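Visitor: If it helps, the file is called upload39.cif and holds mmCIF, C-alpha atoms:
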```cif
data_my_file
#
loop_
_atom_site.label_atom_id
_atom_site.label_comp_id
_atom_site.auth_asym_id
_atom_site.auth_seq_id
_atom_site.Cartn_x
_atom_site.Cartn_y
_atom_site.Cartn_z
CA MET L 1 8.88 26.83 23.56
CA GLU L 2 10.56 27.13 20.15
CA ARG L 3 13.56 25.09 21.20
CA HIS L 4 11.31 22.53 22.84
CA PHE L 5 9.40 22.11 19.59
CA ASP L 6 12.65 21.63 17.64
CA GLN L 7 13.70 18.99 20.11
CA GLU L 8 10.40 17.17 19.67
CA LEU L 9 10.84 17.27 15.89
CA GLY L 10 14.31 15.80 16.42
CA ASP L 11 12.80 13.02 18.53
CA LEU L 12 10.28 12.35 15.78
CA LYS L 13 13.11 11.95 13.28
CA LYS L 14 14.82 9.50 15.63
CA ASP L 15 11.63 7.46 15.94
CA LEU L 16 11.30 7.30 12.17
CA LEU L 17 14.92 6.17 11.90
CA LYS L 18 14.15 3.45 14.41
CA ILE L 19 11.11 2.11 12.55
CA ALA L 20 13.09 2.35 9.29
CA ALA L 21 15.91 0.28 10.78
CA LEU L 22 13.41 -2.34 11.97
CA ALA L 23 11.76 -2.46 8.54
CA GLU L 24 15.11 -2.83 6.81
CA GLU L 25 16.13 -5.58 9.21
CA ALA L 26 12.83 -7.36 8.50
CA ILE L 27 13.56 -7.31 4.75
CA ARG L 28 17.10 -8.64 5.30
CA ARG L 29 15.90 -11.42 7.57
CA SER L 30 12.96 -12.48 5.41
CA VAL L 31 15.16 -12.92 2.35
CA GLY L 32 17.82 -14.57 4.54
CA ALA L 33 15.13 -17.03 5.66
CA LEU L 34 14.33 -17.71 2.00
CA LYS L 35 17.97 -18.29 1.05
CA ASN L 36 18.67 -20.62 3.95
CA ASN L 37 15.26 -22.28 4.07
CA ASP L 38 15.15 -21.06 7.66
CA ARG L 39 11.61 -21.33 9.00
CA LEU L 40 12.59 -20.18 12.47
CA MET L 41 13.90 -16.93 11.04
CA ALA L 42 10.75 -16.50 8.94
CA LYS L 43 8.64 -17.03 12.07
CA HIS L 44 10.77 -14.46 13.89
CA VAL L 45 10.08 -11.82 11.22
CA ILE L 46 6.33 -12.49 11.47
CA GLU L 47 6.38 -12.23 15.27
CA GLU L 48 8.53 -9.07 15.36
CA ASP L 49 5.99 -7.27 13.18
CA ALA L 50 3.78 -6.60 16.22
CA ARG L 51 6.59 -4.41 17.60
CA ILE L 52 6.79 -2.42 14.38
CA ASP L 53 3.00 -2.00 14.37
CA ALA L 54 3.10 -0.69 17.93
CA LEU L 55 5.88 1.74 17.04
CA GLU L 56 3.91 2.98 14.02
CA LEU L 57 0.92 3.75 16.26
CA SER L 58 3.03 5.55 18.82
CA ILE L 59 4.70 7.70 16.13
CA ASP L 60 1.31 8.53 14.68
CA GLU L 61 0.01 9.62 18.09
CA LYS L 62 3.11 11.75 18.65
CA CYS L 63 2.56 13.52 15.34
CA ILE L 64 -1.06 14.36 16.15
CA ASP L 65 -0.04 15.47 19.62
CA LEU L 66 2.71 17.70 18.19
CA ILE L 67 0.25 19.39 15.86
CA ALA L 68 -2.33 19.83 18.63
CA ARG L 69 0.11 21.32 21.15
CA HIS L 70 2.31 23.49 18.91
CA GLN L 71 -0.02 24.34 16.04
CA PRO L 72 2.87 24.50 13.58
CA MET L 73 2.57 26.42 10.33
CA ALA L 74 3.82 25.96 6.79
CA ARG L 75 6.95 23.86 6.51
CA ASP L 76 6.82 22.37 10.03
CA LEU L 77 3.21 21.27 9.55
CA ARG L 78 4.13 19.79 6.18
CA PHE L 79 7.06 18.00 7.82
CA ILE L 80 4.81 16.43 10.46
CA THR L 81 2.05 15.35 8.07
CA SER L 82 4.73 13.89 5.78
CA ALA L 83 6.28 12.09 8.77
CA MET L 84 2.89 10.43 9.29
CA LYS L 85 2.91 9.25 5.70
CA ILE L 86 6.51 8.03 5.82
CA ASN L 87 5.67 6.18 9.02
CA ALA L 88 2.80 4.39 7.25
CA GLU L 89 5.07 3.50 4.31
CA LEU L 90 7.67 1.97 6.64
CA GLU L 91 5.02 -0.09 8.43
CA ARG L 92 3.86 -1.40 5.04
CA ILE L 93 7.42 -2.26 4.08
CA ALA L 94 7.63 -4.36 7.23
CA ASP L 95 4.28 -5.99 6.30
CA LEU L 96 5.81 -6.98 2.96
CA ALA L 97 8.73 -8.61 4.79
CA VAL L 98 6.04 -10.60 6.64
CA ASP L 99 4.52 -11.55 3.27
CA ILE L 100 7.93 -12.75 2.07
CA SER L 101 8.33 -14.78 5.27
CA GLN L 102 4.96 -16.43 4.71
CA ARG L 103 6.10 -17.50 1.24
CA VAL L 104 9.13 -19.13 2.90
CA PHE L 105 6.73 -21.48 4.69
CA GLU L 106 5.04 -22.31 1.39
CA LEU L 107 8.42 -23.15 -0.13
CA ALA L 108 10.06 -24.84 2.81
CA ASP L 109 9.21 -28.42 1.88
CA LYS L 110 10.21 -28.00 -1.72
CA PRO L 111 13.67 -27.87 -3.32
CA LEU L 112 14.49 -24.52 -4.95
CA LEU L 113 13.92 -24.39 -8.71
CA LYS L 114 17.43 -23.03 -9.21
CA PRO L 115 19.98 -21.06 -7.20
CA LEU L 116 18.58 -17.65 -6.32
CA GLU L 117 20.22 -14.88 -8.35
CA ASP L 118 17.87 -12.09 -9.29
CA ILE L 119 15.87 -12.13 -6.04
CA PRO L 120 18.97 -11.29 -3.94
CA LYS L 121 19.79 -8.57 -6.50
CA LEU L 122 16.29 -7.12 -6.22
CA THR L 123 16.55 -7.36 -2.42
CA MET L 124 19.72 -5.28 -2.51
CA VAL L 125 18.02 -2.67 -4.68
CA ALA L 126 15.05 -2.60 -2.28
CA GLN L 127 17.24 -2.22 0.81
CA ARG L 128 19.34 0.46 -0.86
CA MET L 129 16.24 2.40 -1.91
CA VAL L 130 14.75 2.29 1.60
CA ARG L 131 18.05 3.38 3.14
CA MET L 132 18.55 6.21 0.64
CA ALA L 133 14.97 7.42 1.07
CA ILE L 134 15.35 7.60 4.85
CA ASP L 135 18.77 9.25 4.54
CA ALA L 136 17.24 11.80 2.21
CA PHE L 137 14.52 12.45 4.80
CA VAL L 138 16.93 12.85 7.71
CA LYS L 139 19.34 15.07 5.78
CA GLU L 140 16.50 16.84 3.95
CA ASP L 141 18.38 16.09 0.74
CA SER L 142 16.21 16.34 -2.35
CA VAL L 143 19.05 15.32 -4.69
CA LEU L 144 19.36 12.00 -2.87
CA ALA L 145 15.57 11.62 -2.94
CA LEU L 146 15.64 12.05 -6.72
CA GLU L 147 18.24 9.27 -6.90
CA VAL L 148 15.72 6.95 -5.23
CA LEU L 149 13.15 7.72 -7.91
CA LYS L 150 15.65 6.75 -10.61
CA GLU L 151 16.36 3.37 -8.97
CA ASP L 152 12.72 2.37 -9.25
CA CYS L 153 13.12 1.55 -12.96
CA GLU L 154 15.84 -0.97 -12.12
CA ALA L 155 13.52 -2.60 -9.58
CA ASP L 156 10.73 -2.84 -12.16
CA ALA L 157 13.08 -4.36 -14.73
CA LEU L 158 14.39 -6.96 -12.27
CA ARG L 159 10.86 -7.88 -11.18
CA ASN L 160 9.77 -8.32 -14.80
CA SER L 161 12.78 -10.42 -15.65
CA ILE L 162 12.21 -12.70 -12.63
CA GLN L 163 8.54 -13.08 -13.53
CA ASP L 164 9.22 -13.81 -17.22
CA GLU L 165 11.81 -16.43 -16.36
CA LEU L 166 9.52 -18.18 -13.86
CA VAL L 167 6.53 -18.18 -16.21
CA ASN L 168 8.21 -18.97 -19.53
CA ASP L 169 11.37 -20.90 -18.63
CA PHE L 170 9.99 -22.89 -15.73
CA MET L 171 6.23 -23.18 -15.41
CA ALA L 172 5.35 -23.19 -19.13
CA LYS L 173 7.91 -25.96 -19.76
CA ASP L 174 7.09 -28.04 -16.70
CA GLY L 175 3.79 -27.48 -14.95
CA SER L 176 4.92 -29.36 -11.87
CA ALA L 177 7.24 -26.39 -11.17
CA ALA L 178 4.22 -24.13 -10.48
CA PRO L 179 3.92 -24.70 -6.69
CA ARG L 180 7.60 -23.74 -6.33
CA ALA L 181 7.61 -20.96 -8.93
CA VAL L 182 4.52 -19.03 -7.82
CA PRO L 183 5.82 -18.17 -4.31
CA LEU L 184 9.07 -16.90 -5.87
CA LEU L 185 7.10 -14.83 -8.36
CA LEU L 186 5.13 -13.32 -5.48
CA ILE L 187 8.31 -12.62 -3.49
CA ALA L 188 9.65 -10.67 -6.49
CA ARG L 189 6.43 -8.65 -6.45
CA HIS L 190 6.65 -8.07 -2.68
CA LEU L 191 10.20 -6.77 -3.12
CA GLU L 192 9.20 -4.53 -5.97
CA ARG L 193 6.41 -3.10 -3.83
CA ILE L 194 8.96 -2.34 -1.12
CA CYS L 195 10.77 -0.29 -3.78
CA ASP L 196 7.48 1.48 -4.55
CA HIS L 197 7.09 2.42 -0.89
CA ALA L 198 10.68 3.74 -0.85
CA THR L 199 9.74 5.79 -3.91
CA ASN L 200 6.71 7.18 -2.05
CA ILE L 201 8.98 8.18 0.85
CA ALA L 202 11.39 9.90 -1.54
CA GLU L 203 8.46 11.80 -3.06
CA ASP L 204 7.36 12.90 0.41
CA VAL L 205 10.89 14.14 1.12
CA ILE L 206 10.92 16.21 -2.05
CA TYR L 207 7.49 17.52 -1.11
CA ILE L 208 8.69 18.64 2.33
CA ILE L 209 11.73 20.36 0.88
CA GLU L 210 10.33 21.91 -2.22
CA ALA L 211 6.73 22.21 -1.05
CA GLU L 212 5.79 21.11 -4.49
CA THR L 213 4.65 17.75 -5.56
CA VAL L 214 6.57 15.53 -7.87
CA LYS L 215 4.33 12.66 -6.89
CA HIS L 216 1.84 12.40 -9.66
CA ARG L 217 3.52 14.69 -12.11
CA ARG L 218 6.01 11.89 -12.66
CA LYS L 219 3.22 9.38 -13.23
CA VAL L 220 1.38 11.58 -15.70
CA SER L 221 4.46 12.40 -17.78
CA MET M 1 -15.74 31.08 12.08
CA GLU M 2 -17.09 27.93 13.71
CA ARG M 3 -19.75 27.43 11.05
CA HIS M 4 -17.22 28.11 8.32
CA PHE M 5 -14.95 25.40 9.65
CA ASP M 6 -17.85 22.92 9.78
CA GLN M 7 -18.69 23.77 6.21
CA GLU M 8 -15.11 23.14 5.15
CA LEU M 9 -15.16 19.77 6.92
CA GLY M 10 -18.37 19.02 5.00
CA ASP M 11 -16.63 19.92 1.73
CA LEU M 12 -13.77 17.64 2.67
CA LYS M 13 -16.21 14.76 3.14
CA LYS M 14 -17.72 15.49 -0.27
CA ASP M 15 -14.28 15.42 -1.89
CA LEU M 16 -13.55 12.06 -0.27
CA LEU M 17 -16.88 10.73 -1.53
CA LYS M 18 -15.92 11.89 -4.99
CA ILE M 19 -12.52 10.17 -5.01
CA ALA M 20 -14.17 7.06 -3.52
CA ALA M 21 -16.74 7.01 -6.33
CA LEU M 22 -13.97 7.35 -8.93
CA ALA M 23 -11.97 4.53 -7.30
CA GLU M 24 -15.02 2.27 -7.18
CA GLU M 25 -15.80 3.02 -10.81
CA ALA M 26 -12.19 2.17 -11.71
CA ILE M 27 -12.53 -1.25 -10.03
CA ARG M 28 -15.83 -1.92 -11.82
CA ARG M 29 -14.41 -0.93 -15.19
CA SER M 30 -11.14 -2.81 -14.83
CA VAL M 31 -12.92 -6.10 -14.06
CA GLY M 32 -15.47 -5.31 -16.79
CA ALA M 33 -12.54 -4.95 -19.20
CA LEU M 34 -11.26 -8.34 -18.04
CA LYS M 35 -14.65 -10.05 -18.50
CA ASN M 36 -15.23 -8.61 -21.95
CA ASN M 37 -11.61 -8.68 -23.12
CA ASP M 38 -12.07 -4.94 -23.67
CA ARG M 39 -8.70 -3.30 -24.14
CA LEU M 40 -10.21 0.10 -24.83
CA MET M 41 -11.91 0.04 -21.44
CA ALA M 42 -8.65 -1.09 -19.77
CA LYS M 43 -6.83 1.79 -21.46
CA HIS M 44 -9.53 4.16 -20.25
CA VAL M 45 -9.02 3.07 -16.60
CA ILE M 46 -5.27 3.63 -16.93
CA GLU M 47 -5.75 7.10 -18.44
CA GLU M 48 -8.39 8.20 -15.92
CA ASP M 49 -5.98 7.46 -13.05
CA ALA M 50 -4.26 10.82 -13.60
CA ARG M 51 -7.52 12.53 -12.60
CA ILE M 52 -7.72 10.51 -9.39
CA ASP M 53 -4.07 11.33 -8.62
CA ALA M 54 -4.76 15.04 -9.10
CA LEU M 55 -7.80 14.85 -6.84
CA GLU M 56 -5.78 13.06 -4.15
CA LEU M 57 -3.21 15.86 -4.18
CA SER M 58 -5.84 18.56 -3.99
CA ILE M 59 -7.57 16.84 -1.03
CA ASP M 60 -4.22 16.49 0.73
CA GLU M 61 -3.50 20.18 0.26
CA LYS M 62 -6.95 21.10 1.56
CA CYS M 63 -6.37 19.05 4.71
CA ILE M 64 -3.03 20.73 5.44
CA ASP M 65 -4.57 24.11 4.73
CA LEU M 66 -7.51 23.36 7.07
CA ILE M 67 -5.14 22.45 9.89
CA ALA M 68 -2.97 25.53 9.29
CA ARG M 69 -5.88 27.97 9.21
CA HIS M 70 -8.17 26.56 11.91
CA GLN M 71 -5.72 24.80 14.24
CA PRO M 72 -8.34 22.21 15.17
CA MET M 73 -8.02 20.22 18.37
CA ALA M 74 -8.78 16.66 19.46
CA ARG M 75 -11.49 15.00 17.42
CA ASP M 76 -11.47 17.48 14.51
CA LEU M 77 -7.72 17.18 14.13
CA ARG M 78 -8.01 13.40 14.26
CA PHE M 79 -10.74 13.58 11.63
CA ILE M 80 -8.55 15.61 9.26
CA THR M 81 -5.42 13.48 9.67
CA SER M 82 -7.57 10.38 9.15
CA ALA M 83 -9.09 11.98 6.05
CA MET M 84 -5.54 12.30 4.69
CA LYS M 85 -4.99 8.59 5.28
CA ILE M 86 -8.34 7.57 3.78
CA ASN M 87 -7.53 9.74 0.77
CA ALA M 88 -4.23 7.86 0.29
CA GLU M 89 -6.00 4.49 0.62
CA LEU M 90 -8.51 5.46 -2.08
CA GLU M 91 -5.77 6.57 -4.42
CA ARG M 92 -4.07 3.21 -3.93
CA ILE M 93 -7.31 1.38 -4.62
CA ALA M 94 -7.47 3.22 -7.94
CA ASP M 95 -3.83 2.23 -8.60
CA LEU M 96 -4.82 -1.40 -8.11
CA ALA M 97 -7.59 -0.98 -10.68
CA VAL M 98 -4.81 0.22 -13.01
CA ASP M 99 -2.82 -2.91 -12.15
CA ILE M 100 -5.84 -5.06 -13.02
CA SER M 101 -6.21 -3.18 -16.32
CA GLN M 102 -2.57 -3.84 -17.15
CA ARG M 103 -3.15 -7.56 -16.63
CA VAL M 104 -6.03 -7.31 -19.16
CA PHE M 105 -3.45 -6.37 -21.80
CA GLU M 106 -1.31 -9.37 -20.85
CA LEU M 107 -4.34 -11.64 -21.24
CA ALA M 108 -5.95 -10.05 -24.25
CA ASP M 109 -4.44 -12.30 -26.92
CA LYS M 110 -5.13 -15.46 -24.99
CA PRO M 111 -8.37 -17.39 -24.51
CA LEU M 112 -9.57 -17.51 -20.89
CA LEU M 113 -8.66 -20.69 -18.99
CA LYS M 114 -12.27 -21.13 -17.95
CA PRO M 115 -15.31 -18.90 -17.40
CA LEU M 116 -14.59 -16.39 -14.63
CA GLU M 117 -16.48 -17.24 -11.44
CA ASP M 118 -14.54 -16.45 -8.30
CA ILE M 119 -12.90 -13.28 -9.61
CA PRO M 120 -16.30 -11.57 -10.16
CA LYS M 121 -17.31 -12.77 -6.66
CA LEU M 122 -14.15 -11.31 -5.15
CA THR M 123 -14.73 -8.11 -7.12
CA MET M 124 -18.18 -7.80 -5.58
CA VAL M 125 -16.74 -8.29 -2.10
CA ALA M 126 -14.08 -5.65 -2.83
CA GLN M 127 -16.61 -3.13 -4.14
CA ARG M 128 -18.96 -3.77 -1.22
CA MET M 129 -16.13 -3.34 1.29
CA VAL M 130 -15.00 -0.04 -0.25
CA ARG M 131 -18.59 1.24 -0.33
CA MET M 132 -19.29 0.18 3.26
CA ALA M 133 -16.03 1.69 4.51
CA ILE M 134 -16.82 5.03 2.90
CA ASP M 135 -20.42 4.92 4.14
CA ALA M 136 -19.11 4.23 7.63
CA PHE M 137 -16.84 7.25 7.30
CA VAL M 138 -19.56 9.60 6.07
CA LYS M 139 -22.10 8.46 8.66
CA GLU M 140 -19.42 8.08 11.37
CA ASP M 141 -20.82 4.60 11.97
CA SER M 142 -18.41 2.33 13.82
CA VAL M 143 -20.78 -0.65 13.69
CA LEU M 144 -20.72 -0.53 9.90
CA ALA M 145 -16.93 -0.13 10.00
CA LEU M 146 -16.68 -3.30 12.09
CA GLU M 147 -18.75 -5.11 9.43
CA VAL M 148 -16.06 -4.21 6.89
CA LEU M 149 -13.38 -5.82 9.07
CA LYS M 150 -15.40 -9.05 9.17
CA GLU M 151 -15.70 -9.20 5.38
CA ASP M 152 -11.94 -9.26 5.00
CA CYS M 153 -11.81 -12.97 5.93
CA GLU M 154 -14.14 -13.77 3.04
CA ALA M 155 -11.85 -11.86 0.69
CA ASP M 156 -8.80 -13.78 1.93
CA ALA M 157 -10.59 -17.10 1.52
CA LEU M 158 -11.68 -16.28 -2.04
CA ARG M 159 -8.19 -15.14 -2.98
CA ASN M 160 -6.66 -18.34 -1.59
CA SER M 161 -9.19 -20.52 -3.36
CA ILE M 162 -8.54 -18.75 -6.71
CA GLN M 163 -4.81 -19.11 -6.24
CA ASP M 164 -4.97 -22.79 -5.27
CA GLU M 165 -7.14 -23.62 -8.24
CA LEU M 166 -4.87 -21.80 -10.70
CA VAL M 167 -1.68 -23.37 -9.32
CA ASN M 168 -2.86 -26.92 -8.67
CA ASP M 169 -5.73 -27.50 -11.10
CA PHE M 170 -4.34 -25.60 -14.04
CA MET M 171 -0.63 -24.81 -14.06
CA ALA M 172 0.62 -27.93 -12.28
CA LYS M 173 -1.37 -30.12 -14.70
CA ASP M 174 -0.54 -28.21 -17.85
CA GLY M 175 2.43 -25.85 -17.81
CA SER M 176 1.31 -24.16 -21.00
CA ALA M 177 -1.51 -22.61 -18.95
CA ALA M 178 0.99 -20.52 -16.96
CA PRO M 179 0.97 -17.38 -19.16
CA ARG M 180 -2.83 -17.28 -18.86
CA ALA M 181 -3.03 -18.33 -15.21
CA VAL M 182 -0.43 -15.99 -13.70
CA PRO M 183 -2.21 -12.73 -14.68
CA LEU M 184 -5.46 -14.10 -13.19
CA LEU M 185 -3.63 -15.05 -10.00
CA LEU M 186 -2.23 -11.52 -9.80
CA ILE M 187 -5.66 -10.00 -10.41
CA ALA M 188 -7.01 -12.01 -7.46
CA ARG M 189 -4.20 -10.55 -5.36
CA HIS M 190 -4.88 -7.01 -6.60
CA LEU M 191 -8.55 -7.41 -5.61
CA GLU M 192 -7.66 -8.77 -2.21
CA ARG M 193 -5.38 -5.79 -1.65
CA ILE M 194 -8.28 -3.50 -2.49
CA CYS M 195 -10.13 -5.26 0.36
CA ASP M 196 -7.12 -4.62 2.61
CA HIS M 197 -7.27 -0.91 1.81
CA ALA M 198 -11.02 -0.90 2.58
CA THR M 199 -10.13 -2.54 5.89
CA ASN M 200 -7.59 0.20 6.59
CA ILE M 201 -10.28 2.82 5.91
CA ALA M 202 -12.69 1.06 8.27
CA GLU M 203 -9.98 1.03 10.96
CA ASP M 204 -9.44 4.76 10.45
CA VAL M 205 -13.18 5.36 10.86
CA ILE M 206 -13.25 3.44 14.14
CA TYR M 207 -10.21 5.41 15.22
CA ILE M 208 -11.92 8.74 14.54
CA ILE M 209 -15.04 7.70 16.39
CA GLU M 210 -13.62 5.83 19.30
CA ALA M 211 -10.26 7.58 19.41
CA GLU M 212 -8.82 4.22 20.11
CA THR M 213 -6.99 2.02 17.74
CA VAL M 214 -8.24 -1.33 16.63
CA LYS M 215 -5.71 -1.34 13.86
CA HIS M 216 -2.89 -3.48 15.14
CA ARG M 217 -4.70 -4.98 18.09
CA ARG M 218 -6.60 -7.06 15.57
CA LYS M 219 -3.38 -8.16 13.86
CA VAL M 220 -1.67 -9.14 17.09
CA SER M 221 -4.59 -11.13 18.45
#
```
Take the structure I supplied and represent it as structure tokens, if you would.

Guide:
Amino acid sequence: MERHFDQELGDLKKDLLKIAALAEEAIRRSVGALKNNDRLMAKHVIEEDARIDALELSIDEKCIDLIARHQPMARDLRFITSAMKINAELERIADLAVDISQRVFELADKPLLKPLEDIPKLTMVAQRMVRMAIDAFVKEDSVLALEVLKEDCEADALRNSIQDELVNDFMAKDGSAAPRAVPLLLIARHLERICDHATNIAEDVIYIIEAETVKHRRKVS
Amino acid sequence: MERHFDQELGDLKKDLLKIAALAEEAIRRSVGALKNNDRLMAKHVIEEDARIDALELSIDEKCIDLIARHQPMARDLRFITSAMKINAELERIADLAVDISQRVFELADKPLLKPLEDIPKLTMVAQRMVRMAIDAFVKEDSVLALEVLKEDCEADALRNSIQDELVNDFMAKDGSAAPRAVPLLLIARHLERICDHATNIAEDVIYIIEAETVKHRRKVS
């Protein structure tokens, strides 16, 4: 029984790694679609989301089933309820990749305002944060999870700089830039929200390991 | 034992009603601060968020503790795990009220582009959806929960109409409007995301009641 339970927890980890990989791939592809003005790729990201949604549901069901059958206590229970939360975060990350892809359609008829620089940078930060957060979860590594929390400031700074440039250097000087600038501004916000979800995952990891909550303490301080 | 457990479930419902009331109040105040250019009120919403965060954590702990002590099965277990999700949604709704309040500071030195019309309308939709979703949860009323799902289209339409007007009727015609238009555009998006969270709550309610998942079926269709 005990070994069986451990094996099921191992399977749960594998499922979360799978949905994480799909979410990360969705981010990569959505920004790739933006860079290359590739509407087919954007459409692909939107269509693939149904698979990620289905996987989220199946993971959720497995978690409830695990609790019902094994009635785990303390740390194992905390692990499973946190897995449910991490699962939801990953599904939302994939939703944000869909949002980015939808912006690609809004931009597709219009020439880019300027070569993309900061958005690819912010994308790399977002992908790195998601990967680190999931690594921290799999390895139960709270030091790595704390690294994720630190990265969030960089993401905020990049998002603010992208937004300031689009508002003050483009739109304020030439109003006709607005229909091309607003989707980029929103993409920067979608990416920054992906970083926020990675931060939430990292906080869940720390919570599992330390059974104490850094979540809101950080916000209050 | 049985009655004690029922009483604890009742307390859990009360706690969720409390965090829902605080979240709804935060929405009302943040948009009030926008209407009246009231920075003190905006600051108040931002400061009060710490209380909502603390309540979210305490509800989460209670849920885990309930599962650990009573090892509930089937519907009760589903109710408690859904309560954890609804709790997280409400905390995020309050975070969005904080986001709206932050936009109030960005706008506070600048005259409004025009009298606010659609944003108060969207706010009313958002508040109604949150209230209905929580009512549906408390009364375990799946018909009411389905009503919430229907309202989401209205929220999307209002958000799109606000965004189109700001981009095409204001910014595109006069670039100098951008620093005043962009925060309003973001507020419309914050409000629409509040509606999305209310939708998520309604889906959780249907899930508890019908033990079947409308969540992604709706998205796929």

Visitor: Apply the PyMOL selection byres ((chain L and resi 101) around 8) to the displayed file and report the matching residues as a PDB file with C-alpha atoms, keeping the file's coordinate frame.

Guide:
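Listing of selection11.pdb after writing:
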```pdb
ATOM      1  CA  SER L  30      12.960 -12.480   5.410  1.00  0.00           C
ATOM      2  CA  VAL L  31      15.160 -12.920   2.350  1.00  0.00           C
ATOM      3  CA  ALA L  33      15.130 -17.030   5.660  1.00  0.00           C
ATOM      4  CA  LEU L  34      14.330 -17.710   2.000  1.00  0.00           C
ATOM      5  CA  ALA L  42      10.750 -16.500   8.940  1.00  0.00           C
ATOM      6  CA  LYS L  43       8.640 -17.030  12.070  1.00  0.00           C
ATOM      7  CA  VAL L  45      10.080 -11.820  11.220  1.00  0.00           C
ATOM      8  CA  ILE L  46       6.330 -12.490  11.470  1.00  0.00           C
ATOM      9  CA  ALA L  97       8.730  -8.610   4.790  1.00  0.00           C
ATOM     10  CA  VAL L  98       6.040 -10.600   6.640  1.00  0.00           C
ATOM     11  CA  ASP L  99       4.520 -11.550   3.270  1.00  0.00           C
ATOM     12  CA  ILE L 100       7.930 -12.750   2.070  1.00  0.00           C
ATOM     13  CA  GLN L 102       4.960 -16.430   4.710  1.00  0.00           C
ATOM     14  CA  ARG L 103       6.100 -17.500   1.240  1.00  0.00           C
ATOM     15  CA  VAL L 104       9.130 -19.130   2.900  1.00  0.00           C
ATOM     16  CA  PHE L 105       6.730 -21.480   4.690  1.00  0.00           C
TER      17      PHE L 105
END
```

Visitor: Find, counting only C-alpha atoms, the residue in M:Ile93, M:Cys63, M:Ala126, M:Met73 that gets nearest to chain L.

Guide: M:Met73

Visitor: Suppose a student applies the PyMOL selection byres ((chain M and resi 19) around 9) to this structure; what residues should they get, written as number ranges by chain?

Guide: M: 14-18, 20-24, 52, 55-56, 87, 90-91

Visitor: When the PyMOL selection byres ((chain M) within 9 of (chain L)) is applied to the structure above, which residues does it catch, written out as a PyMOL selection string?

Guide: chain M and resi 47+49-50+53-54+57+64-65+67-69+71-74+77-78+81+84-85+167-168+170-179+182+186+213+215-217+219-220

Visitor: Record the distance separating atom CA of M:Phe79 and atom CA of L:Thr199, expressed in Å with one decimal.

Guide: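 Atom CA of L:Thr199 lies at a distance of 26.9 Å from atom CA of M:Phe79.
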
Visitor: Considering all atoms listed in the file, state which residue in the set L:Leu96, L:Leu144, L:Ala83, L:Cys153 is at the smallest distance from L:Ile208.

Guide: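 Ranking L:Leu96, L:Leu144, L:Ala83, L:Cys153 by distance to L:Ile208, first place goes to L:Ala83.
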
Visitor: Which residues, written as a short mmCIF file (atom, residue, chain, number, x, y, z; two decimals) with C-alpha atoms, in the frame of the given file, have at least one atom at most 12 Å from L:Arg128, with all atoms listed in the file counted and residues fewer than 5 positions away on the same chain left out?

Guide:
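Just written: selection-v7.cif:
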```cif
data_model
loop_
_atom_site.label_atom_id
_atom_site.label_comp_id
_atom_site.auth_asym_id
_atom_site.auth_seq_id
_atom_site.Cartn_x
_atom_site.Cartn_y
_atom_site.Cartn_z
CA GLU L 24 15.11 -2.83 6.81
CA ILE L 27 13.56 -7.31 4.75
CA ARG L 28 17.10 -8.64 5.30
CA LYS L 121 19.79 -8.57 -6.50
CA LEU L 122 16.29 -7.12 -6.22
CA THR L 123 16.55 -7.36 -2.42
CA ALA L 133 14.97 7.42 1.07
CA ILE L 134 15.35 7.60 4.85
CA ASP L 135 18.77 9.25 4.54
CA ALA L 136 17.24 11.80 2.21
CA LEU L 144 19.36 12.00 -2.87
CA ALA L 145 15.57 11.62 -2.94
CA GLU L 147 18.24 9.27 -6.90
CA VAL L 148 15.72 6.95 -5.23
CA LEU L 149 13.15 7.72 -7.91
CA GLU L 151 16.36 3.37 -8.97
CA ASP L 152 12.72 2.37 -9.25
CA GLU L 154 15.84 -0.97 -12.12
CA ALA L 155 13.52 -2.60 -9.58
CA LEU L 191 10.20 -6.77 -3.12
CA ILE L 194 8.96 -2.34 -1.12
CA CYS L 195 10.77 -0.29 -3.78
CA ALA L 198 10.68 3.74 -0.85
CA THR L 199 9.74 5.79 -3.91
#
```

Visitor: Do you have the atom CA of M:Asp118-atom CA of L:Glu192 distance handy?

Guide: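 These atoms are spaced 26.7 Å apart.
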
Visitor: Just give me the gap between atom CA of L:Phe5 and atom CA of M:Ser82 in Å, one decimal is fine.

Guide: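 Atom CA of M:Ser82 lies 23.1 Å from atom CA of L:Phe5.
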